[in-house]
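Participant: If it helps, the file is called start35.txt and holds compact mmCIF, C-alpha atoms and all ligand atoms:
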```txt
# COMPACT_ATOMS: atom_id res chain seq x y z
CA MET A 1 4.86 25.99 -7.70
CA GLN A 2 4.17 22.59 -9.17
CA THR A 3 3.22 22.61 -12.83
CA VAL A 4 0.75 19.98 -13.95
CA ILE A 5 2.31 17.27 -16.08
CA HIS A 6 0.09 15.27 -18.38
CA ARG A 7 0.67 11.65 -19.21
CA LYS A 8 1.61 11.11 -22.86
CA THR A 9 1.66 8.32 -25.38
CA ILE A 10 2.66 8.14 -29.03
CA GLN A 11 0.23 9.12 -31.77
CA ASN A 12 0.99 6.27 -34.19
CA SER A 13 2.75 2.91 -34.04
CA ILE A 14 6.31 2.79 -35.33
CA THR A 15 8.76 0.01 -36.17
CA LEU A 16 12.48 0.21 -35.56
CA LYS A 17 14.86 -2.44 -36.82
CA GLY A 18 18.45 -2.87 -35.80
CA ILE A 19 20.88 -5.40 -34.45
CA GLY A 20 21.32 -6.63 -30.91
CA VAL A 21 24.75 -5.52 -29.73
CA HIS A 22 25.44 -8.88 -28.07
CA SER A 23 23.68 -11.33 -30.39
CA GLY A 24 24.51 -9.48 -33.61
CA LYS A 25 21.06 -10.59 -34.85
CA VAL A 26 18.40 -8.36 -36.39
CA VAL A 27 15.79 -7.23 -33.85
CA THR A 28 12.41 -5.70 -34.62
CA LEU A 29 11.00 -3.29 -32.03
CA ARG A 30 7.48 -1.93 -32.43
CA LEU A 31 6.13 0.94 -30.37
CA HIS A 32 2.37 1.28 -29.97
CA PRO A 33 0.15 3.91 -28.37
CA ALA A 34 -1.32 2.94 -25.00
CA GLU A 35 -4.14 4.18 -22.79
CA ALA A 36 -3.41 6.41 -19.81
CA ASN A 37 -1.99 4.58 -16.78
CA THR A 38 -0.84 1.60 -18.86
CA GLY A 39 2.76 2.50 -18.09
CA LEU A 40 5.65 1.27 -20.22
CA ILE A 41 5.35 -2.42 -21.05
CA PHE A 42 7.41 -4.79 -23.14
CA TYR A 43 5.85 -7.77 -24.88
CA LEU A 44 8.54 -10.25 -25.80
CA TYR A 45 7.56 -12.52 -28.71
CA LYS A 46 9.10 -15.97 -28.47
CA GLY A 47 7.63 -18.31 -31.06
CA ILE A 48 3.90 -18.34 -30.31
CA GLN A 49 4.47 -17.01 -26.80
CA LYS A 50 3.90 -13.38 -25.92
CA ILE A 51 5.53 -12.53 -22.60
CA ARG A 52 4.61 -9.39 -20.67
CA ILE A 53 7.45 -7.58 -18.90
CA PRO A 54 6.57 -4.19 -17.37
CA VAL A 55 9.25 -1.52 -17.09
CA SER A 56 9.55 -1.18 -13.32
CA LEU A 57 12.24 -1.34 -10.67
CA ASP A 58 10.77 -4.59 -9.37
CA HIS A 59 11.43 -6.15 -12.77
CA VAL A 60 15.11 -5.14 -13.06
CA VAL A 61 17.07 -8.41 -12.93
CA ASP A 62 20.55 -7.43 -14.09
CA THR A 63 22.67 -4.28 -14.30
CA SER A 64 26.07 -5.75 -15.17
CA ASN A 65 26.60 -4.57 -18.76
CA ALA A 66 23.24 -3.00 -19.49
CA THR A 67 19.94 -2.66 -17.69
CA THR A 68 17.87 -5.81 -18.03
CA ILE A 69 14.28 -6.47 -16.99
CA GLY A 70 12.71 -9.88 -16.58
CA ASP A 71 9.38 -11.58 -15.91
CA GLY A 72 10.61 -13.37 -12.79
CA GLY A 73 11.39 -16.49 -14.82
CA SER A 74 13.84 -16.97 -17.64
CA ASN A 75 12.44 -14.28 -19.93
CA ARG A 76 14.42 -11.08 -20.18
CA VAL A 77 14.83 -7.94 -22.26
CA GLN A 78 18.17 -6.21 -22.02
CA THR A 79 19.69 -2.83 -22.95
CA ILE A 80 16.46 -0.96 -22.34
CA GLU A 81 18.18 2.25 -21.21
CA HIS A 82 18.85 3.99 -24.54
CA LEU A 83 15.22 3.54 -25.61
CA LEU A 84 13.98 4.68 -22.20
CA ALA A 85 16.17 7.80 -22.22
CA ALA A 86 14.39 8.95 -25.39
CA VAL A 87 10.95 7.87 -24.14
CA HIS A 88 11.46 9.70 -20.86
CA THR A 89 12.87 12.86 -22.44
CA LEU A 90 9.78 13.15 -24.64
CA GLY A 91 7.52 12.67 -21.61
CA ILE A 92 6.02 9.38 -22.82
CA THR A 93 4.46 7.65 -19.81
CA ASP A 94 2.30 5.06 -21.56
CA CYS A 95 3.56 2.91 -24.42
CA ILE A 96 3.72 -0.71 -25.54
CA PHE A 97 7.03 -2.07 -26.82
CA GLU A 98 6.78 -5.29 -28.85
CA ILE A 99 10.09 -6.99 -29.40
CA ASP A 100 11.14 -10.25 -31.04
CA SER A 101 14.49 -10.67 -29.30
CA VAL A 102 15.97 -10.41 -25.83
CA GLU A 103 17.75 -7.12 -26.50
CA VAL A 104 16.61 -3.73 -27.66
CA PRO A 105 18.37 -2.94 -30.95
CA ILE A 106 21.52 -0.91 -30.42
CA MET A 107 20.80 1.28 -33.49
CA ASP A 108 23.69 3.81 -33.72
CA GLY A 109 24.67 3.30 -30.07
CA SER A 110 22.82 6.41 -28.92
CA SER A 111 19.19 7.36 -28.19
CA LEU A 112 18.90 9.51 -31.29
CA PRO A 113 17.10 6.96 -33.53
CA PHE A 114 14.52 6.34 -30.76
CA TRP A 115 14.09 10.07 -30.18
CA GLU A 116 13.64 10.73 -33.91
CA GLY A 117 11.34 7.71 -34.32
CA ILE A 118 9.03 8.77 -31.51
CA ARG A 119 8.94 12.37 -32.72
CA SER A 120 8.01 11.18 -36.21
CA ALA A 121 5.25 8.99 -34.72
CA GLY A 122 3.84 12.03 -32.96
CA ILE A 123 3.07 12.51 -29.29
CA ARG A 124 -0.45 12.44 -27.87
CA VAL A 125 -1.17 14.26 -24.63
CA LEU A 126 -3.53 12.22 -22.44
CA ASN A 127 -6.14 13.66 -20.09
CA GLU A 128 -4.63 12.15 -16.96
CA THR A 129 -1.82 13.83 -15.10
CA ILE A 130 1.26 12.39 -13.42
CA GLU A 131 3.00 13.58 -10.30
CA PRO A 132 6.72 14.21 -10.81
CA ILE A 133 9.20 12.91 -8.28
CA THR A 134 10.72 15.66 -6.22
CA ILE A 135 12.86 15.08 -3.16
CA THR A 136 13.27 17.14 -0.01
CA ASN A 137 16.48 15.58 1.31
CA PRO A 138 19.66 14.45 -0.43
CA ILE A 139 19.65 10.79 -1.41
CA TRP A 140 22.81 8.92 -2.29
CA VAL A 141 24.27 5.54 -3.01
CA VAL A 142 27.93 4.65 -2.66
CA ASP A 143 29.99 1.71 -3.88
CA GLY A 144 33.65 2.08 -2.94
CA ASP A 145 34.93 5.19 -4.76
CA LYS A 146 31.82 5.37 -6.96
CA TYR A 147 28.82 7.40 -5.95
CA LEU A 148 25.59 8.87 -7.15
CA VAL A 149 23.77 11.64 -5.30
CA MET A 150 20.48 13.40 -5.88
CA LEU A 151 20.07 16.81 -4.27
CA PRO A 152 16.74 18.62 -4.06
CA SER A 153 16.30 21.03 -6.99
CA ASP A 154 13.34 22.52 -8.85
CA GLU A 155 14.90 21.56 -12.15
CA LEU A 156 16.69 18.48 -13.42
CA LYS A 157 20.46 18.99 -13.50
CA VAL A 158 23.47 16.70 -13.61
CA THR A 159 27.15 16.90 -12.75
CA TYR A 160 28.86 13.75 -13.98
CA SER A 161 32.49 12.68 -13.72
CA ILE A 162 34.16 9.63 -15.17
CA ASP A 163 37.72 8.53 -14.53
CA PHE A 164 38.90 5.57 -16.57
CA ASN A 165 42.45 4.33 -16.76
CA HIS A 166 42.83 5.75 -20.25
CA PRO A 167 44.69 8.90 -21.36
CA LEU A 168 41.55 10.39 -22.96
CA LEU A 169 39.09 9.49 -20.21
CA ARG A 170 40.82 10.64 -17.05
CA GLY A 171 38.72 13.09 -15.15
CA GLN A 172 36.18 13.84 -17.89
CA SER A 173 33.39 15.85 -16.29
CA TYR A 174 30.26 17.57 -17.50
CA THR A 175 27.59 19.71 -15.88
CA THR A 176 24.32 20.68 -17.51
CA THR A 177 20.65 21.21 -16.93
CA LEU A 178 18.57 18.46 -18.49
CA ASP A 179 15.50 19.95 -20.10
CA GLU A 180 13.98 18.37 -23.16
CA SER A 181 15.83 20.48 -25.72
CA ILE A 182 19.24 20.11 -24.04
CA LEU A 183 18.76 16.37 -23.73
CA GLY A 184 17.75 16.19 -27.41
CA THR A 185 20.75 18.11 -28.72
CA ASP A 186 23.51 17.56 -26.17
CA ILE A 187 22.94 14.16 -24.54
CA LEU A 188 20.75 11.74 -26.50
CA PRO A 189 23.05 11.67 -29.60
CA ALA A 190 26.07 10.54 -27.49
CA ARG A 191 27.02 6.97 -28.37
CA THR A 192 27.93 4.12 -26.10
CA PHE A 193 31.65 3.41 -25.79
CA GLY A 194 33.93 0.52 -25.14
CA PHE A 195 37.59 -0.41 -25.04
CA LEU A 196 39.00 -2.39 -27.92
CA LYS A 197 40.73 -4.83 -25.58
CA ASP A 198 37.42 -5.52 -23.79
CA VAL A 199 35.53 -5.94 -27.08
CA GLU A 200 37.98 -8.63 -28.14
CA ALA A 201 37.55 -10.44 -24.81
CA LEU A 202 33.73 -10.15 -24.97
CA GLN A 203 33.61 -11.45 -28.53
CA ALA A 204 35.73 -14.43 -27.53
CA ARG A 205 32.85 -15.25 -25.12
CA GLY A 206 30.20 -14.79 -27.83
CA LEU A 207 29.18 -11.35 -26.55
CA ALA A 208 29.25 -7.94 -28.28
CA MET A 209 28.93 -9.78 -31.61
CA GLY A 210 26.95 -6.84 -33.01
CA GLY A 211 29.36 -4.21 -31.71
CA SER A 212 31.11 -2.13 -34.35
CA LEU A 213 32.19 1.40 -35.21
CA ASP A 214 28.64 1.87 -36.54
CA ASN A 215 27.21 1.69 -33.03
CA ALA A 216 29.94 2.52 -30.55
CA VAL A 217 32.85 4.75 -29.77
CA VAL A 218 35.79 2.38 -29.50
CA LEU A 219 38.91 3.30 -27.56
CA THR A 220 42.32 1.92 -28.40
CA ASP A 221 45.14 2.02 -25.84
CA ASP A 222 45.80 5.70 -26.51
CA GLY A 223 43.09 7.01 -28.81
CA TYR A 224 39.81 6.42 -30.61
CA LEU A 225 39.26 3.93 -33.43
CA ASN A 226 36.44 6.08 -34.84
CA ASP A 227 37.33 8.80 -37.34
CA HIS A 228 35.37 11.42 -35.47
CA LEU A 229 33.33 11.89 -32.31
CA ARG A 230 29.96 13.62 -32.02
CA TYR A 231 31.30 15.63 -29.05
CA ASP A 232 34.79 15.98 -27.58
CA ASN A 233 33.45 14.50 -24.35
CA GLU A 234 31.02 12.03 -25.91
CA CYS A 235 31.73 9.31 -23.33
CA VAL A 236 30.69 11.29 -20.25
CA ARG A 237 27.63 12.54 -22.11
CA HIS A 238 26.68 8.93 -22.85
CA LYS A 239 26.96 8.11 -19.16
CA ILE A 240 24.42 10.88 -18.51
CA LEU A 241 22.18 9.34 -21.18
CA ASP A 242 22.43 5.97 -19.43
CA LEU A 243 21.59 7.60 -16.08
CA VAL A 244 18.48 9.26 -17.49
CA GLY A 245 17.42 5.99 -19.14
CA ASP A 246 17.96 4.02 -15.95
CA LEU A 247 16.08 6.50 -13.75
CA ALA A 248 13.27 6.41 -16.31
CA VAL A 249 12.54 2.90 -15.03
CA MET A 250 10.83 4.72 -12.14
CA GLY A 251 8.07 5.54 -14.64
CA ARG A 252 7.73 9.16 -13.57
CA PRO A 253 9.24 12.54 -14.37
CA PHE A 254 11.84 13.53 -11.78
CA ARG A 255 13.53 16.70 -10.56
CA GLY A 256 16.78 17.06 -8.72
CA HIS A 257 20.48 17.74 -9.11
CA LEU A 258 22.23 14.47 -9.87
CA ILE A 259 25.91 14.28 -8.97
CA ALA A 260 27.63 11.18 -10.25
CA SER A 261 31.19 9.95 -10.04
CA LYS A 262 32.15 6.75 -11.86
CA ALA A 263 28.56 5.56 -11.58
CA GLY A 264 26.88 3.03 -13.85
CA HIS A 265 23.75 0.94 -14.22
CA ALA A 266 24.00 -0.72 -10.79
CA LEU A 267 24.28 2.56 -8.90
CA ASP A 268 21.67 4.20 -11.15
CA ILE A 269 19.11 1.52 -10.31
CA SER A 270 20.06 1.54 -6.62
CA LEU A 271 19.48 5.29 -6.49
CA ALA A 272 16.14 4.87 -8.26
CA LYS A 273 15.11 2.32 -5.64
CA CYS A 274 16.10 4.69 -2.83
CA ILE A 275 14.23 7.57 -4.46
CA MET A 276 11.10 5.49 -4.94
CA SER A 277 11.24 4.15 -1.41
CA GLN A 278 11.42 7.70 -0.08
CA PHE A 279 8.87 9.00 -2.56
CA THR A 280 6.32 6.37 -1.58
CA GLY A 281 7.03 6.95 2.10
CA ASN A 282 8.76 3.63 2.77
CA GLU A 283 11.98 3.20 4.68
CA LEU A 284 15.01 4.54 2.82
CA THR A 285 16.97 1.39 3.58
CA GLN A 286 14.27 -0.94 2.32
CA TYR A 287 16.33 -1.92 -0.71
CA LYS A 288 19.66 -2.14 1.06
CA SER A 289 21.65 -4.62 -0.95
CA LYS A 290 24.75 -6.58 -0.07
CA ARG A 291 26.63 -5.73 -3.21
CA ILE A 292 26.11 -1.99 -3.07
CA PRO A 293 26.19 -0.52 0.41
CA LEU A 294 23.77 2.32 0.91
CA PHE A 295 24.75 4.69 3.68
CA SER A 296 22.34 6.66 5.73
CA LYS A 297 23.26 10.24 6.59
CA LYS A 298 24.35 9.19 10.06
CA GLU A 299 26.61 6.41 8.85
CA ALA A 300 28.20 8.62 6.19
CA ALA A 301 28.98 11.32 8.77
CA LYS A 302 31.05 8.94 10.88
ZN ZN A 401 24.54 3.14 -22.71
```
Can you turn what I pasted into structure tokens?
Facilitator:
Amino acid sequence: MQTVIHRKTIQNSITLKGIGVHSGKVVTLRLHPAEANTGLIFYLYKGIQKIRIPVSLDHVVDTSNATTIGDGGSNRVQTIEHLLAAVHTLGITDCIFEIDSVEVPIMDGSSLPFWEGIRSAGIRVLNETIEPITITNPIWVVDGDKYLVMLPSDELKVTYSIDFNHPLLRGQSYTTTLDESILGTDILPARTFGFLKDVEALQARGLAMGGSLDNAVVLTDDGYLNDHLRYDNECVRHKILDLVGDLAVMGRPFRGHLIASKAGHALDISLAKCIMSQFTGNELTQYKSKRIPLFSKKEAAK
């Protein structure tokens, strides 16, 4: 039986300040309550300009290092996924995000500061309801040896495996249900991670200038640079956080058993596009992209 889900916004505006992980510059992000059916919308302040960028799959313009949305021109907001994971977990469907830089502040590298900020702002239940996404057939996207599957399920669950060429990250796997309390305690506090050798290369190109042990788990060749982790398997938990944040771009609650192996932002967004195309009754292959092959059931069975 389908339970009715109400749309929600925040009770009061809140301001979060932090640094952009790439620019290293201070970013101010303000969250404001919104009317029902507004959706999630960024307003990017650039001098006297105020640029509107809705959170939607049609506005995703890049998934290479983080999930980035754009206005169709040169205006972009990147690294939206950690904020969205918290917003989605708390059931917020309508909210305005004002931002004065092209990247959402990295905060501590997890979704915890967003989760705590929104909870302190309060949550207002709106009169309107929203239909959750449920699927009746498996949906999957494949890219070489990476894949992401959603199986029909009455609850939201995930089975996630990562397999990096690193002694501590070979075959790390985690299975859990993803209700609000589990997400809040077991997933949203998991920090982003990176490899020290990659950080050095990125910084040589002027990227990851804000990256530090204050906002990331950093892996050396055979260990961690951080003194302690929040969980033994913090990295795979963060990948689940990213997946929830990326699927939140669909703008709806969703149910299903997600099975991921070595997935990332590109596959997450591809799956979201497949889900939405099925959910809205369009052809499943509508969003077939060149870079990420999407296989139909028939093709996969060959
Ligand atoms: Zn992340």
Participant: Tell me, counting all atoms listed in the file, for each residue of chain A within 8 Å of ligand ZN 401 (chain A), which pair of atoms is nearest and how far apart they are in Å to one decimal, in rows ordered by chain and increasing number, as JSON lines.
Facilitator:
```
{"residue": "A:Ala66", "atom": "CA", "partner": "A:ZN401", "partner_atom": "ZN", "distance": 7.1}
{"residue": "A:Thr79", "atom": "CA", "partner": "A:ZN401", "partner_atom": "ZN", "distance": 7.7}
{"residue": "A:Glu81", "atom": "CA", "partner": "A:ZN401", "partner_atom": "ZN", "distance": 6.6}
{"residue": "A:His82", "atom": "CA", "partner": "A:ZN401", "partner_atom": "ZN", "distance": 6.0}
{"residue": "A:Gly109", "atom": "CA", "partner": "A:ZN401", "partner_atom": "ZN", "distance": 7.4}
{"residue": "A:Ser110", "atom": "CA", "partner": "A:ZN401", "partner_atom": "ZN", "distance": 7.2}
{"residue": "A:Arg191", "atom": "CA", "partner": "A:ZN401", "partner_atom": "ZN", "distance": 7.3}
{"residue": "A:Thr192", "atom": "CA", "partner": "A:ZN401", "partner_atom": "ZN", "distance": 4.9}
{"residue": "A:Phe193", "atom": "CA", "partner": "A:ZN401", "partner_atom": "ZN", "distance": 7.8}
{"residue": "A:His238", "atom": "CA", "partner": "A:ZN401", "partner_atom": "ZN", "distance": 6.2}
{"residue": "A:Lys239", "atom": "CA", "partner": "A:ZN401", "partner_atom": "ZN", "distance": 6.6}
{"residue": "A:Leu241", "atom": "CA", "partner": "A:ZN401", "partner_atom": "ZN", "distance": 6.8}
{"residue": "A:Asp242", "atom": "CA", "partner": "A:ZN401", "partner_atom": "ZN", "distance": 4.8}
```
Participant: Using all atoms listed in the file, I'd like a table of the residues in stretch 97-152 of chain A that come within 10 Å of stretch 252-272 of chain A; for each, show the closest atom pair and its distance in Å rounded to one decimal, ordered by chain and ascending number, as JSON lines.
Facilitator:
```
{"residue": "A:Ile130", "atom": "CA", "partner": "A:Arg252", "partner_atom": "CA", "distance": 7.2}
{"residue": "A:Glu131", "atom": "CA", "partner": "A:Arg252", "partner_atom": "CA", "distance": 7.3}
{"residue": "A:Pro132", "atom": "CA", "partner": "A:Pro253", "partner_atom": "CA", "distance": 4.7}
{"residue": "A:Ile133", "atom": "CA", "partner": "A:Phe254", "partner_atom": "CA", "distance": 4.4}
{"residue": "A:Thr134", "atom": "CA", "partner": "A:Arg255", "partner_atom": "CA", "distance": 5.3}
{"residue": "A:Ile135", "atom": "CA", "partner": "A:Gly256", "partner_atom": "CA", "distance": 7.1}
{"residue": "A:Thr136", "atom": "CA", "partner": "A:Gly256", "partner_atom": "CA", "distance": 9.4}
{"residue": "A:Pro138", "atom": "CA", "partner": "A:Gly256", "partner_atom": "CA", "distance": 9.2}
{"residue": "A:Ile139", "atom": "CA", "partner": "A:Leu271", "partner_atom": "CA", "distance": 7.5}
{"residue": "A:Trp140", "atom": "CA", "partner": "A:Leu271", "partner_atom": "CA", "distance": 6.5}
{"residue": "A:Val141", "atom": "CA", "partner": "A:Leu271", "partner_atom": "CA", "distance": 5.9}
{"residue": "A:Val142", "atom": "CA", "partner": "A:Leu267", "partner_atom": "CA", "distance": 7.5}
{"residue": "A:Asp143", "atom": "CA", "partner": "A:Leu267", "partner_atom": "CA", "distance": 7.7}
{"residue": "A:Asp145", "atom": "CA", "partner": "A:Lys262", "partner_atom": "CA", "distance": 7.8}
{"residue": "A:Lys146", "atom": "CA", "partner": "A:Lys262", "partner_atom": "CA", "distance": 5.1}
{"residue": "A:Tyr147", "atom": "CA", "partner": "A:Ser261", "partner_atom": "CA", "distance": 5.4}
{"residue": "A:Leu148", "atom": "CA", "partner": "A:Ala260", "partner_atom": "CA", "distance": 4.4}
{"residue": "A:Val149", "atom": "CA", "partner": "A:Ile259", "partner_atom": "CA", "distance": 5.0}
{"residue": "A:Met150", "atom": "CA", "partner": "A:Leu258", "partner_atom": "CA", "distance": 4.5}
{"residue": "A:Leu151", "atom": "CA", "partner": "A:His257", "partner_atom": "CA", "distance": 4.9}
{"residue": "A:Pro152", "atom": "CA", "partner": "A:Gly256", "partner_atom": "CA", "distance": 4.9}
```
Participant: Could you list, with a cut-off of 8 Å and counting only C-alpha atoms, the residues of stretch 172-281 of chain A near stretch 102-108 of chain A, each shown with its nearest atom pair and the distance in Å rounded to one decimal, rows sorted by chain and ascending number, as CSV?
Facilitator:
```
residue,atom,partner,partner_atom,distance
A:Arg191,CA,A:Asp108,CA,7.0
A:Asp214,CA,A:Asp108,CA,6.0
A:Asn215,CA,A:Asp108,CA,4.2
A:Ala216,CA,A:Asp108,CA,7.1
```
Participant: So that I can check the surroundings of A:His22, please list as a list in words every protein, DNA and RNA residue that reaches within 8 Å of it, counting only C-alpha atoms and ignoring chain neighbours fewer than 5 positions away.
Facilitator: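 Listed by chain and then number, they are Gly206, Leu207, Ala208, Met209, Gly210 and Gly211 of chain A.
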Participant: For each of A:Ala36, A:Leu219, A:Ile53, A:Leu112, take the minimum atom-to-atom distance to A:Asp186, counting all atoms listed in the file, then give the residue where this is smallest.
Facilitator: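 For A:Asp186, the nearest of the candidates is A:Leu112.
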